[in-house]
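Engineer: Dropping a structure here in structure tokens format, bear with me for questions.
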Amino acid sequence: MAEAVFHAPKRKRRVYESYESPLPISFGQDPGPRKELRLFRAEMINNSVVVRRAEDMEQLYGKGYFGKGILSRSHPNFTISDPKLVAKWKDMKTDMPIITSEKYQRRMEWAAALMQRQGQEKSTVCKILKDYTKPIVHSCRKEKAEAEWHDMLNSEVVSTLDRTMETGEPSATNGGCGKSGDLQDPSTCPDCQEECPGLGTLTAAHLDGHIVEDIAAVPQDHCHQQDALMPQGDLQPEDSNHLASLPCSGEREAGHEYVLVEEELCDTHDRENALDEESAHGKRLVCRRNPYRIFEYLQLSLEEAFFLVYALGCLSIYYDKEPLTIVKLWQAFTSIQPTFRTTYMAYHYFRSKGWVPKVGLKYGTDLLLYRKGPPFYHASYSVIIELVDDHFEGSLRRPFSWRSLAALSRVSVNVSKELMLCYLIKPSTMTDKEMETPECMKRIKVQEVIVSRWVSSRERSEPDEL
């Protein structure tokens, strides 16, 4: 048997990510690496393992490239924001997503269709959407209005002091509401809310009681991929200042509850009240609530999820709010995917060797092996996994004919990968009962075979003289 020659993987030309150290693996009784390891949380939903916390998704994908974003190509970085609009309004310095009015209208239609399917009347749906999507004061506009207001007060205070020093008579200072008294912020003055439209905010008081009851019929479980009309029922009318600060605080950025919608400047009044950046573009950004939100989740393969639980001990998988033990996960994953034991043992082996295994379905194989990660290198090997006994006998998962093996080898070569046959060798005396726990992996041996296509033009020897 010829010895396989390792070929260096092909590096990608354009790399937009920085490499981070993978999650640590603890060997023996040394608990040192695990002290810095946090415990992530995942859930079993429809026979799939998903991670919903934004910080957990970033850590799991960034340190080892575990999982895949359900709304993204690989990295869970899905956003509804339009890149062209972000570049156009970069001077606004906001972290909120910016979308066009057409996209916002489309989300309004999605929310209306969803609520109508749940039995809501069309008139009720229109009223809910109209009240829910009222404009909210944008942080930049509010800060500029407050700055202008404070500048005006400062100038009045200076002029009043000068007049007092000249005449020697105290003069009352007018506040923002046109009433005498102490200086106060108009945003906190109840009598000033109607006279200062630029400082008005959308609070829970705008949602009437019957509207809240109608909205409550909409499902609010974040397990779904989309969500419509998520009201903040715990906000009281006196929390208006806190609600107004939410768009600029970025606390709800992950759910995209607030969005900036690019709209046309309709009349002269809008053009006069617009910011300098808005008037320059002929459009303005209006802060509104997103009526139909789509959430990004990180979906883990069964092998990745079990490796994080069993090998690294940094993941806890819940089902019906109860964490699952390692043995229960082993049995549950086997019932979901009958070939899980075989594929996981190979996955565990290659992960321990420093490779990043990914599903190789698009190339007709079980696994693809990457060096460092998919963003940096193309896959080096396409792996076929088989479980056999000491005599290389057993029921093969994928019995090959010479024709099918040559075809798969040709496909792998055409995509610059080598075809590898990974044989998991178990003792002939091992029973099925012993395979019901992950402890059986201690008795498994691994043998790798590289399949290469023989090219006659390369191997041809000099023709013998006749």
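The way I read the labels, and the way they are meant: chains A, B, ... in the order of the structure tokens, residue 1 as the first residue of every chain, and ligand 1 as the first ligand shown, with later ones counted on from there.
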Extract, using only C-alpha atoms, all DNA, RNA and protein residues at most 7 Å from Tyr297 (chain A), discarding same-chain residues fewer than 5 positions from it, and format them as a list in words.
Structural biologist: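 What passes the distance filter is Val50, Val51, Arg52, Gly69 and Ile70 of chain A.
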Engineer: Can you write out the residues you just picked, keeping C-alpha atoms, as a PDB file, in the first residue's frame?
Structural biologist:
ATOM      1  CA  VAL A  50     -30.153  25.872  18.021  1.00  0.00           C
ATOM      2  CA  VAL A  51     -28.420  28.617  19.979  1.00  0.00           C
ATOM      3  CA  ARG A  52     -30.383  31.855  20.400  1.00  0.00           C
ATOM      4  CA  GLY A  69     -26.469  30.896  10.929  1.00  0.00           C
ATOM      5  CA  ILE A  70     -29.923  29.922   9.692  1.00  0.00           C
TER       6      ILE A  70
END
Engineer: Using only C-alpha atoms, which of A:Arg443, A:His7, A:Trp330, A:Tyr61 sits nearest Pro374 (chain A)?
Structural biologist: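 The shortest atom-to-atom distance to Pro374 (chain A) comes from A:Tyr61.
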Engineer: Expressed in Å to a single decimal, how great is the separation between CA of Ala407 (chain A) and CA of Tyr381 (chain A)?
Structural biologist: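 According to the coordinates, CA of Ala407 (chain A) and CA of Tyr381 (chain A) are separated by 15.8 Å.
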Engineer: From region 291-422 of chain A, collect each residue whose DSSP state is alpha helix (DSSP H) and return the set as a ChimeraX atom specification.
Structural biologist: /A:302-307,326-336,340-352,402-414
Engineer: Please produce a file of those selected residues containing N, CA and C atoms, as a CSV table (one decimal), in the first residue's frame.
Structural biologist:
chain,number,residue,atom,x,y,z
A,302,LEU,N,-25.7,17.7,14.9
A,302,LEU,CA,-25.8,16.8,16.1
A,302,LEU,C,-24.4,16.5,16.5
A,303,GLU,N,-23.5,16.3,15.6
A,303,GLU,CA,-22.1,16.0,16.0
A,303,GLU,C,-21.4,17.2,16.7
A,304,GLU,N,-21.6,18.4,16.2
A,304,GLU,CA,-21.1,19.6,16.8
A,304,GLU,C,-21.6,19.8,18.2
A,305,ALA,N,-22.9,19.6,18.3
A,305,ALA,CA,-23.6,19.8,19.6
A,305,ALA,C,-23.1,18.8,20.6
A,306,PHE,N,-22.9,17.5,20.3
A,306,PHE,CA,-22.5,16.5,21.2
A,306,PHE,C,-21.0,16.7,21.6
A,307,PHE,N,-20.2,17.2,20.6
A,307,PHE,CA,-18.8,17.4,20.9
A,307,PHE,C,-18.7,18.6,21.9
A,326,ILE,N,-25.6,13.5,29.1
A,326,ILE,CA,-24.8,13.0,28.0
A,326,ILE,C,-25.4,11.7,27.5
A,327,VAL,N,-25.8,10.8,28.3
A,327,VAL,CA,-26.4,9.5,27.9
A,327,VAL,C,-27.7,9.7,27.2
A,328,LYS,N,-28.5,10.6,27.7
A,328,LYS,CA,-29.8,10.9,27.0
A,328,LYS,C,-29.6,11.6,25.6
A,329,LEU,N,-28.6,12.4,25.6
A,329,LEU,CA,-28.3,13.1,24.3
A,329,LEU,C,-27.8,12.0,23.3
A,330,TRP,N,-26.9,11.1,23.7
A,330,TRP,CA,-26.4,10.0,22.9
A,330,TRP,C,-27.5,9.2,22.3
A,331,GLN,N,-28.5,8.8,23.2
A,331,GLN,CA,-29.6,8.0,22.7
A,331,GLN,C,-30.6,8.8,21.9
A,332,ALA,N,-30.8,10.1,22.2
A,332,ALA,CA,-31.8,10.9,21.5
A,332,ALA,C,-31.2,11.2,20.1
A,333,PHE,N,-29.9,11.6,20.0
A,333,PHE,CA,-29.4,11.8,18.7
A,333,PHE,C,-29.3,10.6,17.8
A,334,THR,N,-29.1,9.4,18.4
A,334,THR,CA,-29.1,8.2,17.7
A,334,THR,C,-30.5,7.9,17.1
A,335,SER,N,-31.6,8.2,17.9
A,335,SER,CA,-32.9,7.9,17.4
A,335,SER,C,-33.3,8.9,16.3
A,336,ILE,N,-32.7,10.2,16.4
A,336,ILE,CA,-33.0,11.1,15.3
A,336,ILE,C,-32.2,10.8,14.0
A,340,PHE,N,-25.7,8.4,13.6
A,340,PHE,CA,-25.0,9.4,14.5
A,340,PHE,C,-23.8,8.8,15.1
A,341,ARG,N,-23.8,7.6,15.7
A,341,ARG,CA,-22.7,7.1,16.4
A,341,ARG,C,-21.5,7.0,15.5
A,342,THR,N,-21.7,6.5,14.3
A,342,THR,CA,-20.5,6.4,13.4
A,342,THR,C,-20.0,7.8,13.0
A,343,THR,N,-20.8,8.7,12.6
A,343,THR,CA,-20.4,10.0,12.2
A,343,THR,C,-19.7,10.8,13.3
A,344,TYR,N,-20.3,10.6,14.5
A,344,TYR,CA,-19.7,11.4,15.6
A,344,TYR,C,-18.3,10.9,16.0
A,345,MET,N,-18.1,9.6,16.0
A,345,MET,CA,-16.8,9.1,16.4
A,345,MET,C,-15.7,9.6,15.4
A,346,ALA,N,-16.1,9.7,14.1
A,346,ALA,CA,-15.1,10.3,13.1
A,346,ALA,C,-15.0,11.8,13.4
A,347,TYR,N,-16.1,12.4,13.7
A,347,TYR,CA,-16.0,13.9,14.0
A,347,TYR,C,-15.1,14.2,15.2
A,348,HIS,N,-15.3,13.4,16.2
A,348,HIS,CA,-14.5,13.6,17.4
A,348,HIS,C,-13.0,13.3,17.1
A,349,TYR,N,-12.7,12.3,16.3
A,349,TYR,CA,-11.3,12.0,16.0
A,349,TYR,C,-10.7,13.2,15.2
A,350,PHE,N,-11.3,13.7,14.2
A,350,PHE,CA,-10.7,14.7,13.4
A,350,PHE,C,-10.7,16.1,14.2
A,351,ARG,N,-11.6,16.4,15.0
A,351,ARG,CA,-11.6,17.6,15.8
A,351,ARG,C,-10.4,17.5,16.8
A,352,SER,N,-10.2,16.4,17.3
A,352,SER,CA,-9.1,16.2,18.3
A,352,SER,C,-7.7,16.3,17.6
A,402,TRP,N,-17.1,-0.1,-8.3
A,402,TRP,CA,-15.9,0.6,-8.9
A,402,TRP,C,-16.3,1.8,-9.6
A,403,ARG,N,-17.5,1.8,-10.3
A,403,ARG,CA,-18.0,2.9,-11.0
A,403,ARG,C,-18.3,4.1,-10.1
A,404,SER,N,-19.1,3.8,-9.0
A,404,SER,CA,-19.5,4.9,-8.1
A,404,SER,C,-18.3,5.5,-7.4
A,405,LEU,N,-17.3,4.6,-7.0
A,405,LEU,CA,-16.1,5.1,-6.3
A,405,LEU,C,-15.3,6.0,-7.3
A,406,ALA,N,-15.1,5.6,-8.5
A,406,ALA,CA,-14.4,6.4,-9.5
A,406,ALA,C,-15.1,7.7,-9.7
A,407,ALA,N,-16.4,7.7,-9.8
A,407,ALA,CA,-17.2,9.0,-10.0
A,407,ALA,C,-17.0,9.9,-8.8
A,408,LEU,N,-17.1,9.4,-7.6
A,408,LEU,CA,-16.9,10.2,-6.4
A,408,LEU,C,-15.5,10.8,-6.3
A,409,SER,N,-14.5,10.0,-6.7
A,409,SER,CA,-13.1,10.4,-6.7
A,409,SER,C,-12.9,11.5,-7.7
A,410,ARG,N,-13.5,11.4,-8.9
A,410,ARG,CA,-13.4,12.4,-9.9
A,410,ARG,C,-14.0,13.7,-9.4
A,411,VAL,N,-15.1,13.6,-8.8
A,411,VAL,CA,-15.8,14.9,-8.3
A,411,VAL,C,-14.9,15.5,-7.2
A,412,SER,N,-14.3,14.8,-6.3
A,412,SER,CA,-13.4,15.3,-5.3
A,412,SER,C,-12.2,16.0,-5.9
A,413,VAL,N,-11.6,15.4,-7.0
A,413,VAL,CA,-10.4,16.0,-7.6
A,413,VAL,C,-10.8,17.2,-8.3
A,414,ASN,N,-11.9,17.3,-8.9
A,414,ASN,CA,-12.3,18.5,-9.7
A,414,ASN,C,-12.6,19.7,-8.8
Engineer: Select, from A:Gly67, A:Gly373, A:Gly394, A:Gly62, the residue with the minimum atom-to-atom distance to Leu308 (chain A), counting only C-alpha atoms.
Structural biologist: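 The closest residue to Leu308 (chain A) is A:Gly67.
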